[in-house]
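Chemist: Below you'll find the structure I mean.
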2 protein chains.
Amino acid sequence: MFKKIAAGTLIAAITATTVFAGGHARTPIENAIAARQSHMQLYQFNLGVLGGMARGNVDYDAAAASAAADNLVALTSMSQAGYWLPDSDTGSAENTRALAAIWENFPDVIAKVGATSQAAVAMQAAAGTDLASLQAAMNALGGACGACHKAYRQAR
Amino acid sequence: MFKKIAAGTLIAAITATTVFAGGHARTPIENAIAARQSHMQLYQFNLGVLGGMARGNVDYDAAAASAAADNLVALTSMSQAGYWLPDSDTGSAENTRALAAIWENFPDVIAKVGATSQAAVAMQAAAGTDLASLQAAMNALGGACGACHKAYRQAR
């Protein structure tokens with residue numbers, strides 16, 4: 001039993017030291033915003049790998065393309081239930097571009113996330129085949145990302 | 001064919017607008033560091049959910065615990081091959097705590113990552129069972145995270 005409590009304390013120590021660069025402990029909303037932005041960052045990183053090949057800036061590499069597509073599918077499979085806390089939109093929180101419209105149109109958001117997931121699965125099937133297949137799958141994938149951003153992310 | 005090229009251009013536009021808060025475009029090393037820190041951030045977020053329950057700060061919720069553990073397994077399943085570029089350690093790059101020892105001890109790093117993956121799978125089996133099972137699985141999971149950080153992450 002002591003070991004169980006000690007493990008909890010270890011994790012408490014790990015999470016309690018989560019700080020912003022500014023040095024203050026994160027609030028739950030700041031923590032959720034950081035997590036969803038990290039999730040988006042990983043979409044972007046793996047899309048960047050595929051996009052670099054699609055536009056010919058990087059040589060096509062079937063294994064690397066497949067790995068990036070697999071990563072996108074893993075990301076779309078993850079639960080985001082902990083990320084989208086009430087009052088974490090642009091009207092209520094700092095350092096976010098998430099519009100309140102997300103919370104007002106949740107069924108549509110879920111549908112758009114589902115479309116992204118489907119496009120990632122299609123990319124997973126295409127990415128390792130050849131460059132033309134990868135390029136063809138990029139349309140739906142880029143479109144799915146863009147559809148959600150256009151509707152629900154504050155323009156810069 | 002035009003549509004294929006247009007899709008590539010769309011992704012190029014998405015990735016080319018990746019900027020730091022400072023406003024400059026990211027180098028490949030900066031991009032890789034941001035991606036691996038995002039990956040770590042998502043480990044931490046999901047560990048935080050489990051840790052909050054383990055230490056009694058948050059009521060045990062089997063579904064939420066399972067979702068967090070599933071997320072950890074998804075994260076450990078992702079390829080990190082694009083993250084660990086040469087010259088992206090503390091001796092060569094800014095805004096990282098990744099020690100050069102990572103690149104000098106790669107088989108050990110892979111072993112430690114494998115131990116983390118195993119601990120996440122064990123947590124996946126335990127998290128939805130009951131609180132005691134979750135707490136018991138936290139030992140190995142916290143230990144696996146800590147073992148890699150102790151060896152390969154610069155102390156603050």
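Please note that chains go A, B, ... in the order of the structure tokens, that every chain numbers its residues from 1, and that ligands are numbered from 1 in the order shown.
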What's the 9 Å shell around segment 58-66 of chain A, counting only C-alpha atoms, without same-chain residues fewer than 2 positions away, as a short mmCIF file (atom, residue, chain, number, x, y, z; two decimals) with all heavy atoms, in the first residue's frame?
Modeler:
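Listing of result.cif after writing:
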```
data_model
loop_
_atom_site.label_atom_id
_atom_site.label_comp_id
_atom_site.auth_asym_id
_atom_site.auth_seq_id
_atom_site.Cartn_x
_atom_site.Cartn_y
_atom_site.Cartn_z
N ASN A 46 3.31 15.71 -38.65
CA ASN A 46 3.21 14.55 -39.53
C ASN A 46 2.64 14.93 -40.91
O ASN A 46 3.06 14.38 -41.93
CB ASN A 46 2.37 13.45 -38.85
CG ASN A 46 3.14 12.81 -37.71
OD1 ASN A 46 4.06 12.05 -37.92
ND2 ASN A 46 2.79 13.18 -36.48
N VAL A 49 5.53 16.18 -42.95
CA VAL A 49 6.32 15.11 -43.59
C VAL A 49 5.67 14.72 -44.92
O VAL A 49 6.33 14.65 -45.96
CB VAL A 49 6.42 13.89 -42.66
CG1 VAL A 49 7.06 12.70 -43.38
CG2 VAL A 49 7.20 14.24 -41.39
N LEU A 50 4.35 14.47 -44.88
CA LEU A 50 3.63 14.05 -46.09
C LEU A 50 3.58 15.19 -47.11
O LEU A 50 3.74 14.96 -48.31
CB LEU A 50 2.21 13.60 -45.70
CG LEU A 50 2.17 12.36 -44.80
CD1 LEU A 50 0.79 12.20 -44.17
CD2 LEU A 50 2.56 11.10 -45.57
N GLY A 51 3.36 16.39 -46.63
CA GLY A 51 3.28 17.55 -47.52
C GLY A 51 4.60 17.84 -48.21
O GLY A 51 4.63 18.21 -49.39
N GLY A 52 5.69 17.66 -47.48
CA GLY A 52 7.01 17.86 -48.09
C GLY A 52 7.23 16.92 -49.26
O GLY A 52 7.78 17.31 -50.30
N MET A 53 6.79 15.68 -49.10
CA MET A 53 6.91 14.71 -50.21
C MET A 53 5.92 15.06 -51.33
O MET A 53 6.25 14.98 -52.51
CB MET A 53 6.63 13.30 -49.70
CG MET A 53 7.68 12.78 -48.72
SD MET A 53 7.31 11.06 -48.23
CE MET A 53 8.30 10.94 -46.73
N ALA A 54 4.69 15.44 -50.95
CA ALA A 54 3.65 15.71 -51.95
C ALA A 54 4.06 16.82 -52.90
O ALA A 54 3.79 16.75 -54.10
CB ALA A 54 2.33 16.07 -51.26
N ARG A 55 4.76 17.82 -52.38
CA ARG A 55 5.12 18.93 -53.25
C ARG A 55 6.55 18.82 -53.77
O ARG A 55 7.06 19.74 -54.39
CB ARG A 55 4.89 20.26 -52.54
CG ARG A 55 5.58 20.46 -51.25
CD ARG A 55 5.21 21.82 -50.60
NE ARG A 55 6.09 22.08 -49.47
CZ ARG A 55 5.83 21.68 -48.23
NH1 ARG A 55 4.73 21.04 -47.95
NH2 ARG A 55 6.69 21.94 -47.26
N GLY A 56 7.20 17.69 -53.49
CA GLY A 56 8.51 17.44 -54.09
C GLY A 56 9.68 18.11 -53.40
O GLY A 56 10.79 18.12 -53.92
N ALA A 68 4.34 8.44 -40.94
CA ALA A 68 3.64 9.70 -40.67
C ALA A 68 2.13 9.49 -40.73
O ALA A 68 1.37 10.02 -39.90
CB ALA A 68 4.07 10.77 -41.68
N ALA A 69 1.66 8.71 -41.70
CA ALA A 69 0.22 8.44 -41.81
C ALA A 69 -0.27 7.61 -40.63
O ALA A 69 -1.35 7.86 -40.09
CB ALA A 69 -0.08 7.74 -43.13
N ASP A 70 0.53 6.62 -40.23
CA ASP A 70 0.18 5.83 -39.04
C ASP A 70 0.06 6.75 -37.81
O ASP A 70 -0.84 6.58 -36.98
CB ASP A 70 1.24 4.76 -38.75
CG ASP A 70 1.24 3.63 -39.77
OD1 ASP A 70 0.29 3.50 -40.55
OD2 ASP A 70 2.23 2.86 -39.77
N ASN A 71 1.00 7.69 -37.70
CA ASN A 71 0.94 8.62 -36.57
C ASN A 71 -0.34 9.45 -36.60
O ASN A 71 -0.97 9.68 -35.56
CB ASN A 71 2.16 9.56 -36.60
CG ASN A 71 3.43 8.89 -36.10
OD1 ASN A 71 3.39 7.76 -35.60
ND2 ASN A 71 4.56 9.57 -36.23
N MET A 123 -5.32 8.10 -46.00
CA MET A 123 -3.90 8.40 -46.21
C MET A 123 -3.03 7.22 -45.78
O MET A 123 -2.02 6.91 -46.42
CB MET A 123 -3.51 9.67 -45.45
CG MET A 123 -2.03 10.02 -45.53
SD MET A 123 -1.42 10.25 -47.24
CE MET A 123 -1.85 11.98 -47.50
N GLN A 124 -3.41 6.56 -44.70
CA GLN A 124 -2.66 5.41 -44.21
C GLN A 124 -2.60 4.32 -45.29
O GLN A 124 -1.57 3.66 -45.47
CB GLN A 124 -3.33 4.87 -42.95
CG GLN A 124 -2.54 3.80 -42.22
CD GLN A 124 -3.26 3.38 -40.94
OE1 GLN A 124 -4.48 3.30 -40.90
NE2 GLN A 124 -2.49 3.15 -39.89
N ALA A 125 -3.71 4.15 -46.02
CA ALA A 125 -3.74 3.15 -47.08
C ALA A 125 -2.92 3.60 -48.29
O ALA A 125 -2.38 2.77 -49.02
CB ALA A 125 -5.19 2.88 -47.50
N ALA A 126 -2.83 4.91 -48.50
CA ALA A 126 -2.22 5.43 -49.73
C ALA A 126 -0.73 5.75 -49.58
O ALA A 126 0.04 5.63 -50.54
CB ALA A 126 -2.95 6.71 -50.15
N ALA A 127 -0.33 6.19 -48.39
CA ALA A 127 0.98 6.83 -48.23
C ALA A 127 2.14 5.93 -48.64
O ALA A 127 3.12 6.40 -49.22
CB ALA A 127 1.17 7.31 -46.79
N GLY A 128 2.04 4.65 -48.33
CA GLY A 128 3.14 3.74 -48.63
C GLY A 128 3.09 3.15 -50.03
O GLY A 128 3.99 2.39 -50.41
N THR A 129 2.04 3.48 -50.78
CA THR A 129 1.87 2.88 -52.11
C THR A 129 2.80 3.54 -53.12
O THR A 129 3.69 2.90 -53.68
CB THR A 129 0.40 3.02 -52.57
OG1 THR A 129 -0.44 2.43 -51.58
CG2 THR A 129 0.19 2.33 -53.92
N ASP A 130 2.59 4.80 -53.38
CA ASP A 130 3.49 5.57 -54.25
C ASP A 130 3.16 7.05 -54.10
O ASP A 130 2.18 7.42 -53.44
CB ASP A 130 3.39 5.12 -55.72
CG ASP A 130 1.98 5.18 -56.27
OD1 ASP A 130 1.22 6.08 -55.84
OD2 ASP A 130 1.64 4.33 -57.10
N LEU A 131 3.97 7.89 -54.71
CA LEU A 131 3.82 9.34 -54.53
C LEU A 131 2.48 9.84 -55.05
O LEU A 131 1.84 10.70 -54.43
CB LEU A 131 4.99 10.07 -55.21
CG LEU A 131 4.97 11.60 -55.10
CD1 LEU A 131 4.95 12.05 -53.65
CD2 LEU A 131 6.18 12.19 -55.83
N LEU A 134 -0.20 9.14 -52.55
CA LEU A 134 -0.06 10.07 -51.42
C LEU A 134 -0.63 11.43 -51.79
O LEU A 134 -1.41 12.02 -51.04
CB LEU A 134 1.43 10.17 -51.05
CG LEU A 134 1.81 11.00 -49.82
CD1 LEU A 134 3.18 10.54 -49.30
CD2 LEU A 134 1.87 12.50 -50.11
N ALA B 81 10.60 8.64 -35.08
CA ALA B 81 11.81 8.67 -35.91
C ALA B 81 12.13 10.07 -36.43
O ALA B 81 13.29 10.41 -36.63
CB ALA B 81 11.67 7.69 -37.07
N GLY B 82 11.11 10.88 -36.64
CA GLY B 82 11.36 12.22 -37.18
C GLY B 82 11.77 13.24 -36.14
O GLY B 82 12.13 14.37 -36.49
#
```
Chemist: Mind giving me the straight-line distance from atom CA of Ala93 of chain A to atom CA of Leu72 of chain B in Å, one decimal?
Modeler: 26.8 Å
Chemist: Skipping near chain neighbours, those fewer than 2 positions away, what residues fall within 7 Å of segment 30-35 of chain B using only C-alpha atoms, listed as a ChimeraX atom specification?
Modeler: /A:41-42,45 /B:26-28,37-39,82-84,96
Chemist: Mind pulling up the distance from atom CA of Ala119 of chain B to atom CA of Ser117 of chain A?
Modeler: 27.0 Å
Chemist: Give me, as a list in words, the residues of chain A that a backbone DSSP run labels strand (DSSP E or B).
Modeler: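 The residues of chain A classed as strand (DSSP E or B) are Val19, Ala25, Ala98 and Arg153 of chain A.
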Chemist: Between B:Pro107, B:Ala122, B:Ala140, B:Ile102, which is the closest to Gln154 of chain B once you count only C-alpha atoms?
Modeler: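 Among the listed residues, the smallest separation from Gln154 of chain B belongs to B:Ile102.
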Chemist: Pick out the closest residue to chain A from this set: B:Gln135, B:Arg153, B:Ala98, B:Ala25. Count only C-alpha atoms.
Modeler: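 The shortest atom-to-atom distance to chain A comes from B:Gln135.
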Chemist: Hey, can you check how far atom CA of Cys145 of chain A sits from atom CA of Ala120 of chain B?
Modeler: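 Interatomic distance here is 29.1 Å.
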Chemist: According to DSSP computed on the backbone, where in chain B is there alpha helix (DSSP H)? Give the residues as number ranges by chain.
Modeler: B: 2-16, 28-54, 62-77, 101-104, 106-127, 131-152
